[in-house]
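Q: Pasting in a structure now, in structure tokens, and then I'll have a few things to ask.
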Amino acid sequence: EMTSSLVGSEMCIRDRSMTVSAGAAVLAAPSDIPLEQRAMAVDTIKADKAIEAFESDLKKSNNYDKVFEDYKSLMDLSVEISDIMNLNWAETEKLNYGMNTTSTRDELDKNYNECSEYREKIDELVKSILESKYADEFKKYWGDDKTEKVQNMSGIADMAAKEFNDRYYELLNKNADGKEFASLLKEVIAHNKNDEELDEETAERLHKIINYCNSISDYGYYVNKFNNYGAHLGLTELKGENNIENPIEKLVFVGEINERLKKAYDYMVKNNLCFYDDNGKDMAGATFQLIGSEDSEIVAFGDNDVMRTLIHEFGHYQNFFGKEVDSEDYYFGTAHSSPIVEFDSQMFELIATDYYDEIYGDNAGAMKFDTLVSCFQIVTSATMAYFENSLYNDNVLKMSDEDLDKALTNQFGEEWYKTCQFCFTNPGTYLGYSLTMFNAIQVYDIFLKDKQAGIDKYFEACACEGDTYEEVTEKLGLVSAFDDNAAEYLKSITNDIFKTEYGIDYDTALDYFENGTYLGKVFPTEQKVSVNGGEAQKLIAYNRGGFNYIKIRDLARLLNGTSSQFDVEYDETVGKINIVTGKPYTANENDTDEIAEVKTAGQKAAGTYSLCRNGENVRFGGMIFVNGYNCFLLRGLAENKVLGINVDYDEEKNTVLIYTE
């Protein structure tokens with residue numbers, strides 16, 4: 001689920017990622033060639049000779065052995081070119097984030113374009129086998145899956161990636177507005193949709209995704225209760241700055257975990273394969289697989305705790321380190337291409353929290369708690385995956401650039417494109433993070449109960465390359481996120497982890513969370529309300545912090561018959577409340593309910609619901625979820641023009657005054 005058609009490098013980014021594949025058989029162990037001495041450009045003489053030999057031998061009769069030898073040479077050449085492309089991508093990312101590089105942008109562009117041209121030539125040559133006298137032999141050798149892949153090769157993916165990234169960075173550099181990024185995004189979506197076929201297997205997987213999103217929808221609310229209780233106990237109070245003087249040196253703790261990790265770390269330092277820069281950019285990192293030499297390069301940047309980024313990326317690095325992979329496996333995308341590629345880094349992030357004392361000192365406790373909560377919240381990205389999949393609906397392509405920008409801004413903030421550069425160009429990225437973290441939490445639970453057993457399970461998981469999520473889960477004996485009881489199991493295991501580590505259980509944390517923050521008490525009160533100067537009526541309001549919230553249906557009943565009347569529609573399956581303006585209110589059987597006691601425990605946060613006006617999402621000021629009802633801050637609805645009303649307050653009569661427009 002992580003393979004992108006937009007980027008041709010091995011790139012695993014903290015909380016957003018994409019990957020391709022790995023390795024060459026000719027170099028089965030890590031290389032001692034210094035990074036700066038590795039080839040940054042294609043050896044065109046060598047490449048041209050390999051291409052000429054293949055073209056010549058393919059025309060001859062009774063020449064299968066020589067053609068097969070030439071074909072293997074093309075596989076190795078493809079791997080070498082991919083390694084060069086990854087080195088160039090690593091240097092390009094350094095340039096984009098203001099880090100020192102050994103090449104200019106013009107040189108990197110030239111190298112990349114040359115690599116793309118030769119990769120396309122190789123694709124065409126391999127495809128030509130199926131039009132030659134040796135087609136039957138190669139069909140038997142490859143099998144149906146690889147034969148079909150060859151037949152469908154387009155040879156243009158790398159250039160599409162280059163074009164996208166050039167345009168993306170051009171827009172960033174000129175401080176473009178969201179509409180221009182939305183235009184680029186729509187082009188990408190249209191390009192990706194050209195290759196889509198909703199076959200039976202894909203349709204079944206999408207159905208599983210929807211069920212998973214629905215089942216896990218309140219898990220974020222559940223975990224946030226722990227977060228707010230932790231804040232109450234002072235576990236989130238960082239002391240001083242988080243910046244580490246030399247993060248790479250601090251990463252040495254990995255050697256205490258396991259000899260294999262120590263060997264990988266020592267090699268990384270010896271060969272200068274880890275770079276970081278705290279230049280004020282948003283925190284992020286990337287691991288670029290250097291395919292021909294069986295090792296990788298880590299690039300990390302940002303001024304907000306680059307240490308955690310390095311820990312995450314080292315989880316990828318050690319998994320790629322020194323692994324022998326056949327060049328043909330790489331070419332066909334079956335090496336290091338597991339759809340749960342983030343599993344290695346997410347497990348390592350959680351395990352590493354056990355060593356925070358020597359990294360963060362006085363900040364260790366707060367950093368550990370923050371890491372745990374952040375990792376557990378990633379599971380709720382399933383709801384974002386649901387939204388992400390909706391982007392690939394035909395209706396999105398019909399939206400104006402301005403409307404698409406507004407929709408994404410409402411969901412992710414003013415600079416949504418910085419967050420979504422990779423995620424929204426690859427359907428399923430958010431889902432992948434969510435599924436892998438679901439499994440990573442289970443491995444961490446094993447680690448807490450038995451450290452050696454947890455480490456063993458971690459490396460067992462790292463060996464599951466090329467397997468599907470279902471296959472990995474079954475191999476490791478874990479609970480699948482698609483199981484019927486998955487949501488309850490996840491709540492149970494999260495509760496166990498926090499109780500083990502902090503003595504914080506769910507029931508204790510309940511009173512410290514409502515709608516994302518600690519709100520204190522919410523209590524019912526009788527409130528007098530007058531509409532357009534009429535006689536004051538009584539209704540139940542819910543007071544929080546001196547402000548009154550009322551049920552949306554109670555407001556509809558009050559305004560019925562006025563120029564601002566509206567009806568209420570509710571779709572429980574997606575948590576959508578729709579206000580239909582101008583329509584008389586349809587009474588509900590629960591309209592007369594009066595609640596003596598406020599219950600908030602175990603209920604969904606208001607943020608899991610959306611408010612619409614005539615089918616369109618709207619912004620509003622203030623919402624809480626009490627006793628199964630969505631309750632709104634009346635003045636917030638008025639000030640945000642959700643309804644055609646103005647609100648005032650008669651302090652002497654203790655009456656809320658509503659005037660319709």
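Each chain in the structure tokens gets a letter, A, B, ..., in the order shown, and its residues are numbered from 1; ligands are numbered from 1 in order too.
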List every residue of stretch 300-362 of chain A that has an atom at most 9 Å from any atom of stretch 268-292 of chain A, and for each one report the closest atom pair and its distance in Å to one decimal, counting only C-alpha atoms, with rows sorted by chain and then by increasing residue number, as CSV.

A:
```
residue,atom,partner,partner_atom,distance
A:Ala300,CA,A:Gly285,CA,4.0
A:Phe301,CA,A:Asp277,CA,4.7
A:Gly302,CA,A:Met283,CA,4.0
A:Asp303,CA,A:Asp278,CA,4.5
A:Asn304,CA,A:Met283,CA,5.9
A:Asp305,CA,A:Met283,CA,7.5
A:Val306,CA,A:Met283,CA,6.6
A:Thr309,CA,A:Gly285,CA,6.0
A:Leu310,CA,A:Gly285,CA,7.3
A:His312,CA,A:Gly285,CA,8.5
A:Glu313,CA,A:Thr287,CA,6.0
A:Phe314,CA,A:Thr287,CA,8.1
A:His316,CA,A:Thr287,CA,6.8
A:Tyr317,CA,A:Thr287,CA,6.6
A:Phe320,CA,A:Gln289,CA,7.1
A:Phe321,CA,A:Gln289,CA,8.9
A:Tyr330,CA,A:Ile291,CA,9.0
```

Q: Would you save the residues from that selection as a short mmCIF file (atom, residue, chain, number, x, y, z; two decimals), in the first residue's frame, using all heavy atoms?

A:
```cif
data_model
loop_
_atom_site.label_atom_id
_atom_site.label_comp_id
_atom_site.auth_asym_id
_atom_site.auth_seq_id
_atom_site.Cartn_x
_atom_site.Cartn_y
_atom_site.Cartn_z
N ALA A 300 17.60 13.60 7.74
CA ALA A 300 16.60 14.09 8.69
C ALA A 300 16.74 15.59 8.83
O ALA A 300 17.85 16.13 8.79
CB ALA A 300 16.77 13.41 10.04
N PHE A 301 15.62 16.28 9.02
CA PHE A 301 15.66 17.72 9.13
C PHE A 301 14.51 18.21 9.99
O PHE A 301 13.52 17.51 10.19
CB PHE A 301 15.62 18.38 7.75
CG PHE A 301 14.78 17.64 6.75
CD1 PHE A 301 13.41 17.82 6.69
CD2 PHE A 301 15.38 16.74 5.89
CE1 PHE A 301 12.65 17.12 5.77
CE2 PHE A 301 14.62 16.04 4.97
CZ PHE A 301 13.25 16.23 4.91
N GLY A 302 14.64 19.44 10.48
CA GLY A 302 13.60 20.03 11.33
C GLY A 302 14.16 20.46 12.66
O GLY A 302 15.16 19.94 13.14
N ASP A 303 13.51 21.46 13.28
CA ASP A 303 14.00 21.99 14.55
C ASP A 303 13.17 21.50 15.73
O ASP A 303 13.28 22.02 16.83
CB ASP A 303 14.01 23.52 14.53
CG ASP A 303 12.62 24.11 14.30
OD1 ASP A 303 11.68 23.32 14.08
OD2 ASP A 303 12.49 25.34 14.32
N ASN A 304 12.34 20.47 15.51
CA ASN A 304 11.48 19.99 16.57
C ASN A 304 11.77 18.52 16.83
O ASN A 304 11.14 17.63 16.27
CB ASN A 304 10.01 20.19 16.19
CG ASN A 304 9.06 19.69 17.26
OD1 ASN A 304 9.45 19.54 18.41
ND2 ASN A 304 7.83 19.42 16.87
N ASP A 305 12.77 18.25 17.66
CA ASP A 305 13.11 16.90 18.08
C ASP A 305 13.47 15.99 16.90
O ASP A 305 12.76 15.05 16.58
CB ASP A 305 11.98 16.27 18.88
CG ASP A 305 12.42 14.92 19.48
OD1 ASP A 305 13.62 14.78 19.74
OD2 ASP A 305 11.57 14.05 19.64
N VAL A 306 14.60 16.31 16.26
CA VAL A 306 15.09 15.49 15.16
C VAL A 306 15.48 14.10 15.64
O VAL A 306 15.55 13.15 14.86
CB VAL A 306 16.28 16.19 14.47
CG1 VAL A 306 17.52 16.11 15.31
CG2 VAL A 306 16.54 15.61 13.08
N THR A 309 12.94 11.51 14.88
CA THR A 309 12.95 11.22 13.45
C THR A 309 14.05 10.23 13.13
O THR A 309 13.85 9.27 12.36
CB THR A 309 13.15 12.51 12.65
OG1 THR A 309 12.10 13.42 12.94
CG2 THR A 309 13.16 12.23 11.15
N LEU A 310 15.25 10.43 13.70
CA LEU A 310 16.36 9.51 13.44
C LEU A 310 16.06 8.11 13.96
O LEU A 310 16.43 7.11 13.33
CB LEU A 310 17.64 10.04 14.09
CG LEU A 310 18.31 11.23 13.41
CD1 LEU A 310 19.57 11.64 14.17
CD2 LEU A 310 18.66 10.90 11.97
N HIS A 312 13.12 6.70 14.20
CA HIS A 312 12.17 6.13 13.24
C HIS A 312 12.91 5.66 11.98
O HIS A 312 12.70 4.53 11.51
CB HIS A 312 11.12 7.17 12.88
CG HIS A 312 10.13 6.73 11.84
ND1 HIS A 312 8.91 6.20 12.16
CD2 HIS A 312 10.19 6.74 10.49
CE1 HIS A 312 8.26 5.90 11.05
NE2 HIS A 312 9.02 6.22 10.01
N GLU A 313 13.77 6.53 11.43
CA GLU A 313 14.46 6.18 10.19
C GLU A 313 15.47 5.05 10.39
O GLU A 313 15.69 4.25 9.48
CB GLU A 313 15.16 7.42 9.62
CG GLU A 313 14.23 8.55 9.20
CD GLU A 313 13.15 8.11 8.25
OE1 GLU A 313 13.39 7.21 7.42
OE2 GLU A 313 12.03 8.65 8.33
N PHE A 314 16.07 4.96 11.58
CA PHE A 314 17.01 3.86 11.82
C PHE A 314 16.27 2.52 11.80
O PHE A 314 16.86 1.49 11.43
CB PHE A 314 17.74 4.04 13.16
CG PHE A 314 18.85 3.04 13.36
CD1 PHE A 314 20.10 3.26 12.80
CD2 PHE A 314 18.64 1.87 14.08
CE1 PHE A 314 21.13 2.33 12.95
CE2 PHE A 314 19.66 0.94 14.25
CZ PHE A 314 20.91 1.17 13.69
N HIS A 316 14.06 1.73 9.66
CA HIS A 316 14.14 1.35 8.25
C HIS A 316 15.56 0.93 7.88
O HIS A 316 15.77 -0.10 7.24
CB HIS A 316 13.75 2.53 7.36
CG HIS A 316 12.32 2.93 7.46
ND1 HIS A 316 11.28 2.05 7.31
CD2 HIS A 316 11.75 4.15 7.68
CE1 HIS A 316 10.14 2.70 7.44
NE2 HIS A 316 10.39 3.97 7.66
N TYR A 317 16.53 1.77 8.27
CA TYR A 317 17.92 1.57 7.87
C TYR A 317 18.42 0.18 8.25
O TYR A 317 18.98 -0.54 7.42
CB TYR A 317 18.80 2.64 8.53
CG TYR A 317 20.29 2.40 8.34
CD1 TYR A 317 20.95 2.92 7.23
CD2 TYR A 317 21.02 1.66 9.25
CE1 TYR A 317 22.30 2.68 7.04
CE2 TYR A 317 22.36 1.41 9.08
CZ TYR A 317 23.00 1.93 7.97
OH TYR A 317 24.35 1.69 7.78
N PHE A 320 17.16 -2.61 6.06
CA PHE A 320 17.72 -2.69 4.71
C PHE A 320 19.18 -3.11 4.73
O PHE A 320 19.74 -3.52 3.71
CB PHE A 320 17.63 -1.32 4.03
CG PHE A 320 16.23 -0.83 3.82
CD1 PHE A 320 15.91 0.50 4.01
CD2 PHE A 320 15.22 -1.70 3.44
CE1 PHE A 320 14.62 0.96 3.81
CE2 PHE A 320 13.92 -1.25 3.25
CZ PHE A 320 13.63 0.08 3.43
N PHE A 321 19.82 -3.00 5.88
CA PHE A 321 21.27 -3.14 5.98
C PHE A 321 21.74 -4.56 5.62
O PHE A 321 21.34 -5.54 6.24
CB PHE A 321 21.71 -2.80 7.42
CG PHE A 321 23.17 -3.01 7.69
CD1 PHE A 321 24.12 -2.19 7.13
CD2 PHE A 321 23.59 -4.05 8.51
CE1 PHE A 321 25.47 -2.38 7.39
CE2 PHE A 321 24.93 -4.25 8.78
CZ PHE A 321 25.87 -3.41 8.21
N TYR A 330 14.37 -7.19 -7.63
CA TYR A 330 14.25 -5.74 -7.57
C TYR A 330 13.49 -5.21 -8.79
O TYR A 330 12.56 -4.40 -8.68
CB TYR A 330 15.62 -5.06 -7.51
CG TYR A 330 15.50 -3.63 -7.90
CD1 TYR A 330 14.86 -2.71 -7.07
CD2 TYR A 330 15.92 -3.19 -9.16
CE1 TYR A 330 14.66 -1.41 -7.47
CE2 TYR A 330 15.71 -1.90 -9.56
CZ TYR A 330 15.09 -1.00 -8.72
OH TYR A 330 14.87 0.28 -9.12
#
```

Q: Pick the closest to A:Leu95 from A:Tyr169, A:Phe164, A:Tyr141, A:Tyr542: which is it, counting only C-alpha atoms?

A: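 That would be A:Tyr169, the residue with the smallest distance to A:Leu95.
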
Q: Skip stretch 526-530 of chain A itself and residues of its chain fewer than 5 positions away, then list as a PyMOL selection string all residues within 7 Å of it, counting only C-alpha atoms.

A: chain A and resi 535-541+654-658

Q: How would the residues just picked look written out with C-alpha atoms as a PDB file, in the first residue's frame?

A:
```pdb
ATOM      1  CA  GLU A 535     -42.540  34.753  25.170  1.00  0.00           C
ATOM      2  CA  ALA A 536     -39.543  33.120  26.836  1.00  0.00           C
ATOM      3  CA  GLN A 537     -39.461  29.342  26.630  1.00  0.00           C
ATOM      4  CA  LYS A 538     -37.484  26.910  28.746  1.00  0.00           C
ATOM      5  CA  LEU A 539     -35.075  24.334  27.373  1.00  0.00           C
ATOM      6  CA  ILE A 540     -32.275  22.199  28.727  1.00  0.00           C
ATOM      7  CA  ALA A 541     -28.837  23.643  27.996  1.00  0.00           C
ATOM      8  CA  ASN A 654     -31.415  35.720  32.399  1.00  0.00           C
ATOM      9  CA  THR A 655     -32.810  35.116  28.910  1.00  0.00           C
ATOM     10  CA  VAL A 656     -31.093  34.282  25.619  1.00  0.00           C
ATOM     11  CA  LEU A 657     -32.501  36.441  22.809  1.00  0.00           C
ATOM     12  CA  ILE A 658     -32.615  34.969  19.283  1.00  0.00           C
TER      13      ILE A 658
END
```

Q: Identify, with DSSP run on backbone atoms, the residues in stretch 184-399 of chain A assigned to alpha helix (DSSP H), and express the list as a PyMOL selection string.

A: chain A and resi 184-193+200-215+219-232+247-250+254-257+259-270+306-320+327-331+343-352+356-360+364-378+381-391+394-398

Q: Find the residues of stretch 71-128 of chain A that sit at most 9 Å from stretch 47-66 of chain A; for each, write down the nearest two atoms and how far apart they are in Å, to one decimal. Count only C-alpha atoms. Sort by chain, then by number going up, and give it as a tab-separated table.

A:
```
residue	atom	partner	partner_atom	distance
A:Tyr71	CA	A:Phe54	CA	7.0
A:Ser73	CA	A:Ala50	CA	6.9
A:Leu74	CA	A:Ala50	CA	6.9
A:Leu77	CA	A:Ala47	CA	7.1
A:Tyr118	CA	A:Ala47	CA	8.0
A:Lys121	CA	A:Ile51	CA	8.3
A:Ile122	CA	A:Ile51	CA	7.8
A:Leu125	CA	A:Glu55	CA	7.7
```

Q: Can I get the selection written as a tab-separated table (two decimals), in the first residue's frame, with all heavy atoms?

A:
```tsv
chain	number	residue	atom	x	y	z
A	71	TYR	N	20.02	-10.73	-20.81
A	71	TYR	CA	18.86	-10.31	-20.01
A	71	TYR	C	19.27	-10.12	-18.54
A	71	TYR	O	18.89	-9.13	-17.91
A	71	TYR	CB	17.75	-11.35	-20.16
A	71	TYR	CG	16.74	-11.38	-19.05
A	71	TYR	CD1	15.77	-10.39	-18.94
A	71	TYR	CD2	16.75	-12.40	-18.10
A	71	TYR	CE1	14.82	-10.43	-17.92
A	71	TYR	CE2	15.81	-12.45	-17.08
A	71	TYR	CZ	14.85	-11.45	-16.99
A	71	TYR	OH	13.92	-11.48	-15.99
A	73	SER	N	22.18	-9.36	-17.50
A	73	SER	CA	23.00	-8.15	-17.45
A	73	SER	C	22.13	-6.90	-17.40
A	73	SER	O	22.45	-5.92	-16.71
A	73	SER	CB	23.93	-8.09	-18.66
A	73	SER	OG	24.86	-9.14	-18.63
A	74	LEU	N	21.01	-6.94	-18.13
A	74	LEU	CA	20.08	-5.81	-18.09
A	74	LEU	C	19.46	-5.65	-16.70
A	74	LEU	O	19.25	-4.53	-16.23
A	74	LEU	CB	18.97	-5.99	-19.12
A	74	LEU	CG	19.35	-5.86	-20.60
A	74	LEU	CD1	18.13	-6.10	-21.48
A	74	LEU	CD2	19.96	-4.50	-20.90
A	77	LEU	N	22.05	-4.02	-14.63
A	77	LEU	CA	22.18	-2.62	-15.05
A	77	LEU	C	21.03	-1.79	-14.48
A	77	LEU	O	21.23	-0.65	-14.02
A	77	LEU	CB	22.18	-2.54	-16.58
A	77	LEU	CG	22.26	-1.13	-17.18
A	77	LEU	CD1	23.52	-0.41	-16.73
A	77	LEU	CD2	22.20	-1.21	-18.71
A	118	TYR	N	17.59	5.64	-19.53
A	118	TYR	CA	18.12	4.28	-19.63
A	118	TYR	C	17.16	3.26	-19.01
A	118	TYR	O	17.05	2.14	-19.49
A	118	TYR	CB	19.51	4.20	-18.98
A	118	TYR	CG	20.61	4.59	-19.94
A	118	TYR	CD1	21.12	5.88	-19.96
A	118	TYR	CD2	21.12	3.66	-20.85
A	118	TYR	CE1	22.12	6.24	-20.85
A	118	TYR	CE2	22.12	4.02	-21.75
A	118	TYR	CZ	22.62	5.31	-21.74
A	118	TYR	OH	23.60	5.67	-22.63
A	121	LYS	N	14.68	2.58	-21.62
A	121	LYS	CA	15.25	1.72	-22.67
A	121	LYS	C	15.25	0.26	-22.23
A	121	LYS	O	14.92	-0.65	-23.00
A	121	LYS	CB	16.68	2.15	-22.99
A	121	LYS	CG	16.79	3.43	-23.82
A	121	LYS	CD	18.25	3.76	-24.10
A	121	LYS	CE	18.39	5.05	-24.89
A	121	LYS	NZ	19.83	5.39	-25.13
A	122	ILE	N	15.63	0.03	-20.98
A	122	ILE	CA	15.66	-1.35	-20.46
A	122	ILE	C	14.26	-1.95	-20.45
A	122	ILE	O	14.06	-3.11	-20.83
A	122	ILE	CB	16.30	-1.38	-19.05
A	122	ILE	CG1	17.78	-1.02	-19.14
A	122	ILE	CG2	16.12	-2.75	-18.40
A	122	ILE	CD1	18.44	-0.79	-17.79
A	125	LEU	N	13.40	-2.98	-23.90
A	125	LEU	CA	14.15	-4.17	-24.33
A	125	LEU	C	13.56	-5.44	-23.72
A	125	LEU	O	13.41	-6.46	-24.39
A	125	LEU	CB	15.62	-4.03	-23.95
A	125	LEU	CG	16.42	-2.97	-24.73
A	125	LEU	CD1	17.80	-2.81	-24.11
A	125	LEU	CD2	16.54	-3.35	-26.19
```

Q: Work out how far apart atom CA of A:Gly98 and atom CA of A:Arg167 are and give it in Å to one decimal.

A: 18.1 Å

Q: Please list as an MDAnalysis selection string every residue within 6 Å of stretch 440-444 of chain A, counting only C-alpha atoms and excluding residues in the same chain fewer than 3 positions away.

A: chainID A and resid 347 437 447

Q: Of the candidates A:Asp403, A:Thr353, A:Asn410, A:Lys94, which shows the shortest atom-to-atom distance to A:Phe253, using only C-alpha atoms?

A: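 Checking each candidate against A:Phe253, we get A:Thr353 as the closest.
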
Q: Can you list, as a PyMOL selection string, every protein, DNA or RNA residue that comes within 8 Å of stretch 230-237 of chain A when you count only C-alpha atoms, leaving out same-chain residues fewer than 5 positions away?

A: chain A and resi 365-367+369-370+512

Q: Name all residues at most 7 Å from A:Tyr212 (count only C-alpha atoms; drop same-chain ones fewer than 4 positions away) and give them as a PDB file with C-alpha atoms, in the first residue's frame.

A:
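See part.pdb below for the written result:
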```
ATOM      1  CA  LYS A 208     -12.709  -4.125   4.494  1.00  0.00           C
ATOM      2  CA  ILE A 216     -12.006   2.150  14.910  1.00  0.00           C
ATOM      3  CA  ALA A 481      -7.215  -5.052  12.261  1.00  0.00           C
ATOM      4  CA  PHE A 482      -9.907  -6.507  10.019  1.00  0.00           C
TER       5      PHE A 482
END
```
